[in-house]
file protein-v1.cif (mmCIF, C-alpha atoms)
data_structure
#
loop_
_atom_site.label_atom_id
_atom_site.label_comp_id
_atom_site.auth_asym_id
_atom_site.auth_seq_id
_atom_site.Cartn_x
_atom_site.Cartn_y
_atom_site.Cartn_z
CA MET A 218 11.29 -9.10 11.09
CA ARG A 219 9.46 -10.59 8.11
CA ILE A 220 7.19 -8.32 6.07
CA TYR A 221 4.69 -9.44 3.44
CA PHE A 222 3.63 -6.84 0.85
CA LEU A 223 0.37 -7.57 -0.89
CA ASN A 224 -1.65 -6.53 -3.92
CA ALA A 225 -4.83 -8.49 -3.15
CA PRO A 226 -6.62 -11.03 -5.39
CA ALA A 227 -9.24 -10.22 -8.00
CA VAL A 228 -12.63 -9.04 -6.79
CA GLY A 229 -15.42 -11.16 -8.24
CA GLY A 230 -13.04 -12.26 -10.97
CA THR A 231 -12.07 -8.67 -11.89
CA LYS A 232 -8.48 -7.53 -11.40
CA TYR A 233 -7.90 -3.98 -10.18
CA ILE A 234 -4.99 -1.59 -10.45
CA ARG A 235 -4.18 0.07 -7.14
CA GLU A 236 -1.43 2.60 -7.77
CA GLY A 237 -1.42 6.10 -6.36
CA ARG A 238 -4.58 7.88 -7.51
CA CYS A 239 -5.41 5.12 -10.02
CA MET A 240 -8.06 2.62 -8.90
CA GLN A 241 -9.49 1.17 -12.09
CA ASN A 242 -10.12 -2.39 -13.16
CA VAL A 243 -7.46 -3.72 -15.46
CA SER A 244 -9.66 -3.54 -18.56
CA SER A 245 -9.73 0.27 -18.22
CA TRP A 246 -6.01 0.42 -18.97
CA ALA A 247 -5.66 -2.68 -21.19
CA ALA A 248 -2.59 -3.83 -19.25
CA ILE A 249 -1.77 -4.74 -15.66
CA TRP A 250 0.48 -2.17 -14.03
CA PRO A 251 3.29 -3.10 -11.66
CA PRO A 252 2.50 -1.79 -8.16
CA ILE A 253 5.29 0.81 -7.98
CA THR A 254 4.41 2.25 -4.57
CA LEU A 255 4.28 -1.24 -3.05
CA GLY A 256 7.74 -1.80 -4.52
CA ILE A 257 9.07 1.42 -2.98
CA LEU A 258 7.73 0.42 0.44
CA ALA A 259 9.38 -2.97 0.03
CA ALA A 260 12.66 -1.23 -0.81
CA VAL A 261 12.32 0.83 2.38
CA ALA A 262 11.79 -2.36 4.38
CA LYS A 263 14.63 -4.32 2.73
CA ARG A 264 17.14 -2.10 4.51
CA ARG A 265 16.43 -3.91 7.78
CA SER A 266 13.88 -6.69 7.25
CA GLU A 267 13.20 -9.82 5.26
CA VAL A 268 10.51 -9.10 2.68
CA ARG A 269 8.18 -10.81 0.24
CA LEU A 270 6.01 -9.03 -2.34
CA VAL A 271 3.02 -10.72 -3.97
CA ASP A 272 0.98 -9.07 -6.71
CA CYS A 273 -2.05 -11.32 -7.12
CA ASN A 274 -2.87 -9.60 -10.42
CA VAL A 275 -0.01 -11.50 -12.05
CA GLU A 276 0.44 -14.36 -9.60
CA ASP A 277 -3.12 -15.53 -10.33
CA LEU A 278 -3.54 -16.45 -6.68
CA ASP A 279 -7.04 -16.68 -5.31
CA THR A 280 -7.76 -15.90 -1.66
CA ARG A 281 -7.21 -19.47 -0.52
CA GLY A 282 -3.85 -19.70 -2.29
CA LEU A 283 -2.80 -16.31 -0.94
CA LEU A 284 -3.64 -17.20 2.65
CA SER A 285 -1.74 -20.46 2.31
CA ASP A 286 1.29 -18.52 1.07
CA ILE A 287 1.04 -16.05 3.97
CA LYS A 288 0.72 -18.90 6.46
CA ASN A 289 3.83 -20.58 5.05
CA TYR A 290 5.83 -17.34 5.05
CA LYS A 291 4.99 -16.58 8.70
CA PRO A 292 5.23 -12.77 8.46
CA ASP A 293 5.33 -10.37 11.37
CA VAL A 294 3.69 -7.64 9.29
CA VAL A 295 1.34 -7.73 6.29
CA VAL A 296 1.12 -4.52 4.23
CA ILE A 297 -2.01 -4.30 2.07
CA ASN A 298 -2.38 -2.05 -0.97
CA THR A 299 -5.96 -0.72 -1.12
CA ALA A 300 -8.41 1.18 -3.31
CA PHE A 301 -11.99 2.41 -3.05
CA PRO A 302 -13.50 -0.25 -5.38
CA THR A 303 -11.80 -3.10 -3.51
CA ILE A 304 -11.65 -1.88 0.08
CA ASP A 305 -14.11 -4.40 1.53
CA THR A 306 -12.31 -7.39 0.04
CA ASP A 307 -8.91 -5.87 0.84
CA MET A 308 -9.96 -5.62 4.48
CA GLU A 309 -11.38 -9.14 4.37
CA ILE A 310 -7.80 -10.22 3.72
CA ALA A 311 -6.77 -8.36 6.88
CA ARG A 312 -9.42 -10.32 8.80
CA GLU A 313 -8.19 -13.62 7.40
CA VAL A 314 -4.59 -12.71 8.25
CA LYS A 315 -5.63 -12.20 11.87
CA ASN A 316 -7.31 -15.61 11.78
CA ILE A 317 -3.95 -17.10 10.80
CA ASP A 318 -2.16 -15.37 13.68
CA LYS A 319 -3.51 -12.51 15.79
CA ALA A 320 0.06 -11.37 16.45
CA ILE A 321 0.58 -10.38 12.80
CA LYS A 322 0.39 -6.61 12.40
CA THR A 323 -1.78 -5.47 9.49
CA VAL A 324 -1.06 -2.20 7.68
CA GLY A 325 -3.18 -0.58 4.96
CA PHE A 326 -2.32 2.37 2.72
CA GLY A 327 -3.85 4.19 -0.23
CA VAL A 328 -6.29 6.88 -1.25
CA TYR A 329 -9.17 5.36 0.75
CA PHE A 330 -7.46 6.17 4.04
CA THR A 331 -6.20 9.51 2.71
CA LEU A 332 -9.66 10.83 1.86
CA LEU A 333 -11.68 9.30 4.71
CA GLU A 334 -8.93 9.45 7.35
CA LYS A 335 -10.07 8.39 10.84
CA GLU A 336 -13.49 7.25 9.62
CA SER A 337 -11.85 4.85 7.19
CA VAL A 338 -10.72 2.30 9.78
CA ARG A 339 -13.69 2.16 12.15
CA ASP A 340 -15.49 -0.55 10.19
CA TYR A 341 -12.35 -2.66 9.83
CA PRO A 342 -11.27 -3.82 13.31
CA HIS A 343 -8.74 -6.28 11.92
CA LEU A 344 -6.58 -3.46 10.56
CA ASP A 345 -3.96 -2.35 13.07
CA PHE A 346 -2.53 0.63 11.17
CA ALA A 347 -3.58 2.83 8.25
CA ILE A 348 -1.33 5.28 6.43
CA PHE A 349 -2.91 8.40 4.93
CA GLY A 350 -1.10 10.59 2.43
CA GLU A 351 2.21 9.68 0.84
CA PRO A 352 3.12 6.42 2.57
CA GLU A 353 6.88 6.03 2.32
CA GLN A 354 8.19 8.14 5.21
CA THR A 355 5.29 7.20 7.46
CA PHE A 356 5.90 3.51 6.79
CA ASP A 357 9.63 3.91 7.46
CA GLU A 358 8.91 5.44 10.87
CA LEU A 359 6.23 2.85 11.65
CA LEU A 360 8.66 0.07 10.82
CA ASP A 361 11.22 1.63 13.14
CA SER A 362 8.58 1.77 15.89
CA LEU A 363 7.65 -1.88 15.34
CA LEU A 364 11.28 -2.93 15.56
CA ARG A 365 11.63 -0.98 18.81
CA GLY A 366 8.47 -2.41 20.37
CA LEU A 367 5.85 0.16 19.29
CA ASN A 368 7.38 3.24 20.86
CA ASN A 369 5.99 6.73 20.24
CA LEU A 370 3.25 5.87 17.74
CA GLU A 371 1.66 9.26 18.47
CA SER A 372 4.65 11.03 16.95
CA ILE A 373 4.38 9.35 13.53
CA LYS A 374 2.73 11.81 11.16
CA GLY A 375 0.36 10.32 8.60
CA LEU A 376 -0.57 7.33 10.79
CA ILE A 377 -3.92 6.08 12.08
CA PHE A 378 -3.88 3.37 14.73
CA ARG A 379 -5.87 1.77 17.53
CA GLN A 380 -5.06 2.20 21.19
CA ASN A 381 -7.18 0.93 24.09
CA GLY A 382 -10.22 0.58 21.85
CA ARG A 383 -9.89 4.09 20.38
CA VAL A 384 -9.02 5.09 16.83
CA ILE A 385 -6.28 7.71 16.88
CA GLN A 386 -5.30 9.87 13.93
CA ASN A 387 -1.96 11.63 14.08
CA GLN A 388 -1.00 14.89 12.40
CA ASN A 389 -0.84 15.17 8.63
CA ARG A 390 2.55 14.50 7.07
CA PRO A 391 3.93 17.19 4.74
CA PHE A 392 4.56 16.12 1.16
CA ILE A 393 8.04 14.81 0.41
CA GLU A 394 9.97 17.75 -1.00
CA ASP A 395 12.89 15.80 -2.47
CA LEU A 396 11.58 12.69 -4.25
CA ASP A 397 15.17 11.65 -5.00
CA LYS A 398 15.46 10.61 -1.35
CA LEU A 399 13.07 7.73 -2.01
CA PRO A 400 14.62 4.39 -2.98
CA HIS A 401 13.89 2.89 -6.36
CA PRO A 402 11.13 0.27 -6.31
CA ALA A 403 12.39 -3.21 -5.41
CA ARG A 404 11.82 -4.53 -8.91
CA ASP A 405 13.70 -7.71 -8.06
CA LEU A 406 10.60 -8.66 -6.04
CA PHE A 407 8.28 -8.22 -9.06
CA LYS A 408 7.65 -10.88 -11.67
CA ASN A 409 8.60 -8.28 -14.28
CA GLU A 410 8.10 -10.57 -17.25
CA ARG A 411 4.37 -10.84 -16.47
CA TYR A 412 3.56 -7.15 -16.99
CA ILE A 413 2.84 -7.25 -20.72
CA LEU A 414 1.77 -4.62 -23.24
CA PRO A 415 -1.20 -5.96 -25.21
CA HIS A 416 -0.22 -4.56 -28.63
CA ASN A 417 3.20 -6.21 -28.85
CA GLY A 418 3.26 -8.89 -26.14
CA ARG A 419 6.41 -7.43 -24.57
CA ALA A 420 7.15 -6.77 -20.93
CA PHE A 421 7.16 -3.15 -19.80
CA ALA A 422 8.03 -1.12 -16.70
CA LEU A 423 6.53 2.02 -15.20
CA ILE A 424 8.76 4.89 -14.10
CA ASN A 425 7.23 7.58 -11.91
CA THR A 426 8.92 10.91 -12.67
CA SER A 427 6.78 13.35 -10.68
CA ARG A 428 4.02 13.78 -8.13
CA GLY A 429 1.37 16.44 -7.71
CA CYS A 430 -1.09 18.14 -10.07
CA PRO A 431 -2.24 21.80 -10.09
CA TYR A 432 -5.43 21.28 -12.11
CA PRO A 433 -8.96 21.31 -10.63
CA CYS A 434 -10.46 18.26 -12.40
CA ILE A 435 -13.53 17.29 -10.38
CA PHE A 436 -13.17 13.57 -11.14
CA CYS A 437 -9.57 13.16 -9.99
CA ILE A 438 -8.09 12.78 -6.51
CA ALA A 439 -4.45 13.33 -7.47
CA PRO A 440 -4.25 16.78 -5.79
CA PHE A 441 -5.55 15.30 -2.54
CA TYR A 442 -3.12 12.39 -2.53
CA TYR A 443 -0.01 14.05 -3.96
CA GLY A 444 -0.75 17.77 -3.58
CA ARG A 445 -1.23 20.58 -6.10
CA GLU A 446 2.44 21.41 -6.45
CA ILE A 447 4.36 19.41 -9.01
CA ARG A 448 7.43 17.73 -7.57
CA ARG A 449 9.85 16.09 -9.99
#
call {"tool": "encode", "arguments": {"input": "protein-v1.cif", "output": "structure tokens"}}
result
Amino acid sequence: MRIYFLNAPAVGGTKYIREGRCMQNVSSWAAIWPPITLGILAAVAKRRSEVRLVDCNVEDLDTRGLLSDIKNYKPDVVVINTAFPTIDTDMEIAREVKNIDKAIKTVGFGVYFTLLEKESVRDYPHLDFAIFGEPEQTFDELLDSLLRGLNNLESIKGLIFRQNGRVIQNQNRPFIEDLDKLPHPARDLFKNERYILPHNGRAFALINTSRGCPYPCIFCIAPFYYGREIRR
């Protein structure tokens, strides 16, 4: 199985960071962040699949170039990183992927699906699966189901999918208690030298040391995505 992991192209010329709870345009943070969660999902998939990861924020691929790359790679699955500010264009990529080959399975993950759940996929018929909540274990089980011929989708917690024209939302998945069970991000798939700090021009890496936040900030969705209990 060939899996294509995607951080989509710029929206109207503006590049966006899609990482966990963070959904800002790049200028808000001064530097482009590496998509750590996308790298963890790729590491999960590398155990049993051929993978490719493309971060259009640093590849400088427009939609046409991206679709050409997908067509040449011939993936069985395309996994799309999403965010609220970019969801329409992210899902437009899913539509274009289906135009390349209807057999390609499209998977979306991120805070959009976590907060809106079942309602989040109804306007996007070209998306086959959406993961709500922490994506790693749900994606691992979905990948296993895909390899086995889509068996027991109803048993995969944290998954939304379509079946016979209906949108089905499975049970919530509990938060991962032991984060050390997650693989390290597949940094060999990143173009690490292109993530540059603006004040010194040097490459940098992000290391995620915990998840969860107990504070009630009204502007932040971290407690909804990663829970209120801090896990290190």
call {"tool": "residues_around", "arguments": {"input": "protein-v1.cif", "residues": "segment 386-394 of chain A", "least_positions_apart": "3", "cutoff": "7 Å", "atoms": "only C-alpha atoms", "output": "count of residues only"}}
result
9
call {"tool": "residues_around", "arguments": {"input": "protein-v1.cif", "residues": "Arg419 of chain A", "least_positions_apart": "5", "cutoff": "12 Å", "atoms": "all atoms listed in the file", "output": "PyMOL selection string"}}
result
chain A and resi 248+409-414
call {"tool": "atom_distance", "arguments": {"input": "protein-v1.cif", "atom1": "atom CA of Phe421 of chain A", "atom2": "atom CA of Trp250 of chain A"}}
result
8.9 Å
call {"tool": "residues_around", "arguments": {"input": "protein-v1.cif", "residues": "Ile220 of chain A", "least_positions_apart": "4", "cutoff": "12 Å", "atoms": "only C-alpha atoms", "output": "ChimeraX atom specification"}}
result
/A:255,258-271,287,290-297,321-324,356,360,363-364
call {"tool": "write_last_selection", "arguments": {"input": "protein-v1.cif", "atoms": "C-alpha atoms", "output": "PDB file, in the coordinates of the input"}}
result
ATOM      1  CA  LEU A 255       4.280  -1.240  -3.050  1.00  0.00           C
ATOM      2  CA  LEU A 258       7.730   0.420   0.440  1.00  0.00           C
ATOM      3  CA  ALA A 259       9.380  -2.970   0.030  1.00  0.00           C
ATOM      4  CA  ALA A 260      12.660  -1.230  -0.810  1.00  0.00           C
ATOM      5  CA  VAL A 261      12.320   0.830   2.380  1.00  0.00           C
ATOM      6  CA  ALA A 262      11.790  -2.360   4.380  1.00  0.00           C
ATOM      7  CA  LYS A 263      14.630  -4.320   2.730  1.00  0.00           C
ATOM      8  CA  ARG A 264      17.140  -2.100   4.510  1.00  0.00           C
ATOM      9  CA  ARG A 265      16.430  -3.910   7.780  1.00  0.00           C
ATOM     10  CA  SER A 266      13.880  -6.690   7.250  1.00  0.00           C
ATOM     11  CA  GLU A 267      13.200  -9.820   5.260  1.00  0.00           C
ATOM     12  CA  VAL A 268      10.510  -9.100   2.680  1.00  0.00           C
ATOM     13  CA  ARG A 269       8.180 -10.810   0.240  1.00  0.00           C
ATOM     14  CA  LEU A 270       6.010  -9.030  -2.340  1.00  0.00           C
ATOM     15  CA  VAL A 271       3.020 -10.720  -3.970  1.00  0.00           C
ATOM     16  CA  ILE A 287       1.040 -16.050   3.970  1.00  0.00           C
ATOM     17  CA  TYR A 290       5.830 -17.340   5.050  1.00  0.00           C
ATOM     18  CA  LYS A 291       4.990 -16.580   8.700  1.00  0.00           C
ATOM     19  CA  PRO A 292       5.230 -12.770   8.460  1.00  0.00           C
ATOM     20  CA  ASP A 293       5.330 -10.370  11.370  1.00  0.00           C
ATOM     21  CA  VAL A 294       3.690  -7.640   9.290  1.00  0.00           C
ATOM     22  CA  VAL A 295       1.340  -7.730   6.290  1.00  0.00           C
ATOM     23  CA  VAL A 296       1.120  -4.520   4.230  1.00  0.00           C
ATOM     24  CA  ILE A 297      -2.010  -4.300   2.070  1.00  0.00           C
ATOM     25  CA  ILE A 321       0.580 -10.380  12.800  1.00  0.00           C
ATOM     26  CA  LYS A 322       0.390  -6.610  12.400  1.00  0.00           C
ATOM     27  CA  THR A 323      -1.780  -5.470   9.490  1.00  0.00           C
ATOM     28  CA  VAL A 324      -1.060  -2.200   7.680  1.00  0.00           C
ATOM     29  CA  PHE A 356       5.900   3.510   6.790  1.00  0.00           C
ATOM     30  CA  LEU A 360       8.660   0.070  10.820  1.00  0.00           C
ATOM     31  CA  LEU A 363       7.650  -1.880  15.340  1.00  0.00           C
ATOM     32  CA  LEU A 364      11.280  -2.930  15.560  1.00  0.00           C
TER      33      LEU A 364
END
call {"tool": "residues_around", "arguments": {"input": "protein-v1.cif", "residues": "Ile438 of chain A", "least_positions_apart": "4", "cutoff": "10 Å", "atoms": "only C-alpha atoms", "output": "list in words"}}
result
Gly237, Arg238, Cys239, Val328, Thr331, Leu332, Cys430, Pro433, Cys434, Tyr442, Tyr443 and Gly444 of chain A
call {"tool": "atom_distance", "arguments": {"input": "protein-v1.cif", "atom1": "atom CA of Asp305 of chain A", "atom2": "atom CA of Asp340 of chain A"}}
result
9.6 Å
call {"tool": "closest_residue", "arguments": {"input": "protein-v1.cif", "among": "A:Ala247, A:Arg379, A:Glu336, A:His401", "to": "Gly418 of chain A", "atoms": "all atoms listed in the file"}}
result
A:Ala247
